[in-house]
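The file my_file35.cif contains mmCIF, C-alpha atoms:
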```cif
data_final
loop_
_atom_site.label_atom_id
_atom_site.label_comp_id
_atom_site.auth_asym_id
_atom_site.auth_seq_id
_atom_site.Cartn_x
_atom_site.Cartn_y
_atom_site.Cartn_z
CA MET U 1 -55.08 -25.19 21.75
CA ILE U 2 -51.64 -23.65 22.27
CA VAL U 3 -49.80 -25.08 25.26
CA ILE U 4 -46.96 -22.96 26.62
CA ARG U 5 -44.41 -25.13 28.36
CA GLY U 6 -42.19 -23.29 30.82
CA ASN U 7 -39.37 -25.81 30.51
CA LYS U 8 -39.14 -25.30 26.75
CA ILE U 9 -39.05 -21.52 27.14
CA ALA U 10 -36.42 -21.78 29.87
CA ALA U 11 -34.38 -24.12 27.65
CA ALA U 12 -34.57 -21.62 24.80
CA LEU U 13 -33.49 -18.78 27.08
CA ALA U 14 -30.57 -20.82 28.41
CA GLN U 15 -29.56 -21.64 24.85
CA ALA U 16 -29.72 -17.93 24.03
CA GLY U 17 -27.41 -17.26 26.97
CA SER U 18 -25.00 -19.91 25.75
CA PHE U 19 -25.09 -18.37 22.28
CA ALA U 20 -24.43 -14.91 23.74
CA THR U 21 -21.22 -16.06 25.40
CA THR U 22 -20.09 -17.70 22.16
CA TRP U 23 -20.83 -14.46 20.33
CA LEU U 24 -18.74 -12.54 22.88
CA PHE U 25 -15.86 -14.93 22.18
CA VAL U 26 -16.15 -14.42 18.41
CA ARG U 27 -16.43 -10.62 18.82
CA ALA U 28 -13.23 -10.62 20.87
CA LEU U 29 -11.50 -12.23 17.89
CA GLY U 30 -12.36 -9.17 15.80
CA TYR U 31 -15.54 -10.27 14.05
CA THR U 32 -17.75 -7.50 15.41
CA ASP U 33 -20.35 -7.19 12.63
CA VAL U 34 -22.95 -9.51 11.19
CA ASP U 35 -20.23 -11.94 10.20
CA GLY U 36 -19.44 -12.46 13.90
CA PHE U 37 -23.07 -13.17 14.64
CA LEU U 38 -23.21 -15.74 11.84
CA ILE U 39 -19.93 -17.38 12.89
CA ALA U 40 -21.18 -17.61 16.49
CA ALA U 41 -24.47 -19.13 15.29
CA VAL U 42 -22.63 -21.77 13.26
CA VAL U 43 -20.24 -22.59 16.11
CA GLU U 44 -23.09 -22.81 18.60
CA PHE U 45 -25.11 -25.04 16.28
CA ILE U 46 -22.17 -27.41 15.77
CA LEU U 47 -21.42 -27.56 19.49
CA THR U 48 -25.10 -28.15 20.33
CA ALA U 49 -25.30 -30.95 17.79
CA GLY U 50 -22.03 -32.40 19.07
CA LYS U 51 -23.03 -32.54 22.73
CA PHE U 52 -26.63 -33.62 22.10
CA PRO U 53 -25.93 -37.41 22.20
CA LEU U 54 -23.82 -37.07 25.36
CA LEU U 55 -26.61 -35.32 27.24
CA HIS U 56 -29.49 -37.42 25.91
CA SER U 57 -28.60 -40.94 24.99
CA ARG U 58 -25.02 -42.10 24.75
CA GLY U 59 -21.64 -40.81 25.76
CA ASP U 60 -19.03 -40.41 23.08
CA LEU U 61 -15.74 -38.57 22.72
CA LEU U 62 -17.11 -36.01 20.29
CA GLY U 63 -19.88 -35.07 22.71
CA LEU U 64 -17.38 -34.72 25.54
CA ILE U 65 -15.14 -32.46 23.44
CA ALA U 66 -18.12 -30.33 22.41
CA LEU U 67 -19.27 -30.04 26.02
CA ILE U 68 -15.81 -29.01 27.23
CA LEU U 69 -15.44 -26.45 24.43
CA ASP U 70 -18.88 -24.97 25.08
CA THR U 71 -18.22 -24.88 28.83
CA GLY U 72 -15.00 -22.98 28.16
CA LEU U 73 -16.75 -20.49 25.87
CA ASN U 74 -19.51 -19.94 28.41
CA ALA U 75 -17.08 -19.61 31.32
CA GLY U 76 -15.11 -17.02 29.40
CA GLY U 77 -18.24 -15.01 28.78
CA LEU U 78 -19.24 -15.23 32.44
CA TRP U 79 -15.77 -14.43 33.76
CA PRO U 80 -16.14 -10.62 34.09
CA SER U 81 -19.45 -11.02 35.90
CA VAL U 82 -18.23 -13.74 38.24
CA GLN U 83 -15.33 -11.54 39.35
CA LYS U 84 -17.82 -8.88 40.44
CA PHE U 85 -19.67 -11.29 42.73
CA ASP U 86 -18.29 -9.54 45.80
CA GLN U 87 -20.23 -6.40 44.82
CA THR U 88 -23.60 -8.15 44.83
CA PRO U 89 -26.10 -7.78 47.70
CA THR U 90 -25.97 -11.54 48.29
CA ALA U 91 -22.21 -11.51 48.80
CA GLN U 92 -22.50 -8.45 51.05
CA MET U 93 -25.19 -10.14 53.12
CA LEU U 94 -23.27 -13.40 53.56
CA SER U 95 -19.92 -11.77 54.23
CA GLN U 96 -21.31 -9.32 56.79
CA ALA U 97 -23.41 -11.93 58.56
CA LEU U 98 -20.66 -14.54 58.68
CA HIS U 99 -17.79 -12.06 59.25
CA LEU U 100 -16.00 -13.15 56.10
CA SER U 101 -14.12 -11.18 53.48
CA PRO U 102 -16.30 -10.65 50.38
CA GLN U 103 -13.33 -10.30 48.04
CA MET U 104 -13.44 -12.70 45.11
CA HIS U 105 -10.14 -14.49 44.51
CA SER U 106 -9.02 -15.86 41.18
CA VAL U 107 -9.28 -19.62 41.86
CA PRO U 108 -12.83 -19.59 43.31
CA ALA U 109 -13.84 -17.22 40.51
CA LEU U 110 -12.46 -19.69 37.98
CA PHE U 111 -14.28 -22.56 39.70
CA PHE U 112 -17.64 -20.77 39.62
CA ALA U 113 -17.13 -19.53 36.06
CA LEU U 114 -16.50 -23.12 34.90
CA LEU U 115 -19.41 -24.46 36.98
CA PHE U 116 -21.88 -21.93 35.62
CA GLY U 117 -20.40 -22.32 32.16
CA PHE U 118 -21.05 -26.05 32.34
CA LEU U 119 -24.60 -25.48 33.60
CA LEU U 120 -25.25 -22.99 30.81
CA SER U 121 -24.03 -25.60 28.35
CA ALA U 122 -26.06 -28.52 29.74
CA LEU U 123 -29.20 -26.79 31.02
CA PRO U 124 -30.82 -26.21 27.60
CA HIS U 125 -30.77 -29.97 26.97
CA TRP U 126 -31.84 -30.95 30.48
CA LEU U 127 -34.67 -28.40 30.55
CA TRP U 128 -35.89 -29.35 27.08
CA ALA U 129 -36.10 -33.04 28.01
CA ARG U 130 -37.72 -32.34 31.38
CA LYS U 131 -41.33 -33.43 31.70
CA MET R 1 -4.32 -19.98 55.66
CA ASP R 2 -6.23 -17.56 57.88
CA GLN R 3 -6.89 -15.38 54.85
CA LEU R 4 -8.25 -18.41 53.00
CA LEU R 5 -10.53 -19.47 55.84
CA GLY R 6 -11.74 -15.93 56.26
CA SER R 7 -12.93 -15.42 52.69
CA LEU R 8 -16.47 -15.99 51.53
CA ASP R 9 -15.56 -17.34 48.09
CA PHE R 10 -13.50 -20.17 49.61
CA TRP R 11 -16.41 -21.36 51.75
CA LEU R 12 -18.89 -21.08 48.87
CA MET R 13 -16.58 -23.17 46.72
CA LEU R 14 -16.13 -25.72 49.49
CA VAL R 15 -19.88 -26.06 50.12
CA THR R 16 -20.57 -26.40 46.39
CA ILE R 17 -17.94 -29.14 45.99
CA ALA R 18 -19.21 -30.94 49.11
CA ALA R 19 -22.80 -30.84 47.85
CA GLY R 20 -21.73 -32.15 44.46
CA VAL R 21 -19.66 -34.96 45.96
CA TYR R 22 -22.47 -35.87 48.35
CA TYR R 23 -25.00 -36.00 45.52
CA PHE R 24 -22.90 -38.06 43.12
CA VAL R 25 -21.25 -40.39 45.63
CA TRP R 26 -24.27 -40.97 47.88
CA LYS R 27 -26.92 -40.49 45.22
CA ASP R 28 -29.11 -43.22 46.70
CA ARG R 29 -29.26 -41.22 49.92
CA ALA R 30 -29.55 -37.79 48.37
CA GLN R 31 -32.41 -38.63 46.00
CA PRO R 32 -34.95 -39.63 48.70
CA ALA R 33 -34.07 -36.50 50.66
CA ILE R 34 -34.71 -34.31 47.62
CA HIS R 35 -37.97 -36.11 46.86
CA TRP R 36 -39.06 -35.84 50.48
CA LEU R 37 -38.43 -32.09 50.34
CA ALA R 38 -40.40 -31.89 47.10
CA SER R 39 -43.29 -33.76 48.74
CA VAL R 40 -43.34 -31.32 51.64
CA LEU R 41 -43.25 -28.32 49.33
CA GLN R 42 -45.95 -29.67 47.04
CA GLY R 43 -48.14 -30.48 50.00
CA ALA R 44 -48.17 -26.78 50.77
CA VAL R 45 -48.21 -25.47 47.20
CA ARG R 46 -49.77 -27.95 44.78
CA TRP R 47 -49.34 -25.85 41.71
CA ASP R 48 -48.68 -28.51 39.10
CA GLU R 49 -51.28 -31.08 40.04
CA PRO R 50 -54.22 -31.29 37.61
CA GLU R 51 -57.68 -31.01 39.07
CA PRO R 52 -59.70 -34.25 39.01
CA PRO R 53 -62.50 -34.24 36.43
CA ALA R 54 -65.83 -33.14 37.82
CA GLN R 55 -68.48 -35.88 37.94
CA ARG R 56 -71.58 -35.10 35.96
CA PRO R 57 -74.92 -36.28 37.30
CA LEU R 58 -76.44 -39.25 35.56
CA THR R 59 -79.32 -38.20 33.36
CA SER R 60 -80.47 -41.51 31.97
CA SER R 61 -83.01 -43.37 34.07
CA ALA R 62 -81.74 -46.68 32.70
CA ALA R 63 -78.29 -46.09 34.08
CA PRO R 64 -77.43 -48.26 37.06
CA ALA R 65 -76.90 -46.54 40.35
CA ALA R 66 -73.39 -47.78 40.72
CA THR R 67 -71.17 -46.50 43.45
CA VAL R 68 -68.10 -44.89 41.95
CA VAL R 69 -65.10 -45.12 44.17
CA THR R 70 -62.31 -42.78 43.21
CA SER R 71 -58.97 -42.69 44.86
CA PRO R 72 -57.41 -39.31 45.51
CA ALA R 73 -54.79 -38.20 43.06
CA PRO R 74 -51.27 -38.77 44.30
CA ARG R 75 -49.63 -35.63 45.55
CA TYR R 76 -46.28 -36.51 44.15
CA ASN R 77 -45.94 -39.05 41.40
CA ASP R 78 -42.93 -41.06 42.30
CA ARG R 79 -42.05 -44.12 44.25
CA TYR R 80 -40.64 -42.26 47.23
CA ASN R 81 -44.00 -40.74 47.98
CA GLN R 82 -45.37 -44.19 48.74
CA VAL R 83 -43.74 -44.23 52.14
CA GLN R 84 -44.67 -40.70 53.11
CA PRO R 85 -47.63 -40.42 55.51
CA TRP R 86 -48.99 -37.41 53.67
#
```
File written out as structure tokens:
Amino acid sequence: MIVIRGNKIAAALAQAGSFATTWLFVRALGYTDVDGFLIAAVVEFILTAGKFPLLHSRGDLLGLIALILDTGLNAGGLWPSVQKFDQTPTAQMLSQALHLSPQMHSVPALFFALLFGFLLSALPHWLWARK
Amino acid sequence: MDQLLGSLDFWLMLVTIAAGVYYFVWKDRAQPAIHWLASVLQGAVRWDEPEPPAQRPLTSSAAPAATVVTSPAPRYNDRYNQVQPW
């Protein structure tokens, strides 16, 4: 019997998202063809292997470095989208209801890009291990 | 300062930081609250709880007519649920 586990699928999708941001980073360096895809896959595999012990069993310096690097790559990929948060219906709703300015400033945008970048880096591991 | 207090992104950032600090500093307080919320939600929507196995009637005449007492399955399988009345 085939058992489909939602957490595993969600973990795979989150990992795909993390890979996509890494690929965007590599493409911005000029590797826009298949070579960029392969370089991004290798980088993502190394970073995933590096942060695996930190998120599962023991904390070590290598895992911390890998997590910080992956968070930075993810945050960079999310940066253009985070800056457009003020155009979303959610931001419009909150700003109109609370009489606040919806404009997204640079420091909060950086904070949320790093936060979501970290979550995108850690969520595949957390979701995969979730019962 | 007024511009800062009047912007949505500042308040969202502040609430996120406050929630993170509350969770990590007062984790022993935050965890029961989260589990209590989960208990309430799962009491209304029990989507991940397996159904108890159906009892088949005894067919053998030699089988003793024992009274089977089964306890209801716990609604939420953790230690915090022990103190909840539901």
For this session: Show me which bits of chain U are within 9 Å of chain R, counting only C-alpha atoms, as a list of chain:residue names.
Result: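 So the residues of chain U near chain R are U:Asp86, U:Ala91, U:Leu94, U:Ser95, U:Leu98, U:His99, U:Leu100, U:Ser101, U:Pro102, U:Gln103, U:Met104, U:His105, U:Val107, U:Pro108, U:Ala109, U:Phe111, U:Phe112.
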Exercise. Which of these residues is nearest to Gly20 in chain R, using all atoms listed in the file: U:Leu115, U:Thr71, U:Val43, U:Ala20?
Worked result: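 Using all atoms listed in the file, the shortest distance to Gly20 in chain R belongs to U:Leu115.
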Any chance you could resolve the PyMOL selection byres ((chain U and resi 53) around 12) against this file and give the residues as a PDB file with C-alpha atoms, in the frame of the given file?
```
ATOM      1  CA  LEU U  47     -21.420 -27.560  19.490  1.00  0.00           C
ATOM      2  CA  THR U  48     -25.100 -28.150  20.330  1.00  0.00           C
ATOM      3  CA  ALA U  49     -25.300 -30.950  17.790  1.00  0.00           C
ATOM      4  CA  GLY U  50     -22.030 -32.400  19.070  1.00  0.00           C
ATOM      5  CA  LYS U  51     -23.030 -32.540  22.730  1.00  0.00           C
ATOM      6  CA  PHE U  52     -26.630 -33.620  22.100  1.00  0.00           C
ATOM      7  CA  LEU U  54     -23.820 -37.070  25.360  1.00  0.00           C
ATOM      8  CA  LEU U  55     -26.610 -35.320  27.240  1.00  0.00           C
ATOM      9  CA  HIS U  56     -29.490 -37.420  25.910  1.00  0.00           C
ATOM     10  CA  SER U  57     -28.600 -40.940  24.990  1.00  0.00           C
ATOM     11  CA  ARG U  58     -25.020 -42.100  24.750  1.00  0.00           C
ATOM     12  CA  GLY U  59     -21.640 -40.810  25.760  1.00  0.00           C
ATOM     13  CA  ASP U  60     -19.030 -40.410  23.080  1.00  0.00           C
ATOM     14  CA  LEU U  61     -15.740 -38.570  22.720  1.00  0.00           C
ATOM     15  CA  LEU U  62     -17.110 -36.010  20.290  1.00  0.00           C
ATOM     16  CA  GLY U  63     -19.880 -35.070  22.710  1.00  0.00           C
ATOM     17  CA  LEU U  64     -17.380 -34.720  25.540  1.00  0.00           C
ATOM     18  CA  ILE U  65     -15.140 -32.460  23.440  1.00  0.00           C
ATOM     19  CA  ALA U  66     -18.120 -30.330  22.410  1.00  0.00           C
ATOM     20  CA  LEU U  67     -19.270 -30.040  26.020  1.00  0.00           C
ATOM     21  CA  ALA U 122     -26.060 -28.520  29.740  1.00  0.00           C
ATOM     22  CA  HIS U 125     -30.770 -29.970  26.970  1.00  0.00           C
TER      23      HIS U 125
END
```
Problem set entry | Two-atom distance - CA of His35 in chain R, CA of Leu119 in chain U (Å) |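 Taking CA of His35 in chain R as the start and CA of Leu119 in chain U as the end point, the length is 21.6 Å.
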For this session: Check the smallest atom-to-atom distance from each of U:Ile4, U:Gly76, U:Gly117, U:Thr22 to Ala41 in chain U using all atoms listed in the file, then report the winner.
Result: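 For Ala41 in chain U, the nearest of the given residues is U:Thr22.
Coordinates place CA of Phe24 in chain R at a distance of 19.6 Å from CA of Ile68 in chain U.
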Complete the atoms of range 28-42 of chain R to N, CA and C atoms and put them out as a compact mmCIF listing (two decimals), in the frame of the given file.
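And here is the file that came out, selection.txt:
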```txt
# COMPACT_ATOMS: atom_id res chain seq x y z
N ASP R 28 -27.97 -42.47 46.20
CA ASP R 28 -29.11 -43.22 46.70
C ASP R 28 -29.64 -42.63 48.00
N ARG R 29 -28.79 -41.90 48.72
CA ARG R 29 -29.26 -41.22 49.92
C ARG R 29 -29.80 -39.83 49.61
N ALA R 30 -29.16 -39.17 48.67
CA ALA R 30 -29.55 -37.79 48.37
C ALA R 30 -30.90 -37.73 47.67
N GLN R 31 -31.16 -38.68 46.77
CA GLN R 31 -32.41 -38.63 46.00
C GLN R 31 -33.65 -38.68 46.88
N PRO R 32 -33.75 -39.64 47.86
CA PRO R 32 -34.95 -39.63 48.70
C PRO R 32 -35.10 -38.34 49.50
N ALA R 33 -33.99 -37.75 49.91
CA ALA R 33 -34.07 -36.50 50.66
C ALA R 33 -34.64 -35.38 49.79
N ILE R 34 -34.20 -35.34 48.53
CA ILE R 34 -34.71 -34.31 47.62
C ILE R 34 -36.19 -34.55 47.33
N HIS R 35 -36.56 -35.82 47.14
CA HIS R 35 -37.97 -36.11 46.86
C HIS R 35 -38.85 -35.87 48.08
N TRP R 36 -38.31 -36.13 49.26
CA TRP R 36 -39.06 -35.84 50.48
C TRP R 36 -39.32 -34.34 50.59
N LEU R 37 -38.28 -33.55 50.29
CA LEU R 37 -38.43 -32.09 50.34
C LEU R 37 -39.48 -31.63 49.31
N ALA R 38 -39.42 -32.25 48.13
CA ALA R 38 -40.40 -31.89 47.10
C ALA R 38 -41.81 -32.24 47.55
N SER R 39 -41.98 -33.37 48.25
CA SER R 39 -43.29 -33.76 48.74
C SER R 39 -43.81 -32.74 49.75
N VAL R 40 -42.94 -32.31 50.64
CA VAL R 40 -43.34 -31.32 51.64
C VAL R 40 -43.76 -30.02 50.96
N LEU R 41 -42.94 -29.58 50.01
CA LEU R 41 -43.25 -28.32 49.33
C LEU R 41 -44.53 -28.42 48.52
N GLN R 42 -44.75 -29.54 47.86
CA GLN R 42 -45.95 -29.67 47.04
C GLN R 42 -47.17 -29.93 47.88
```
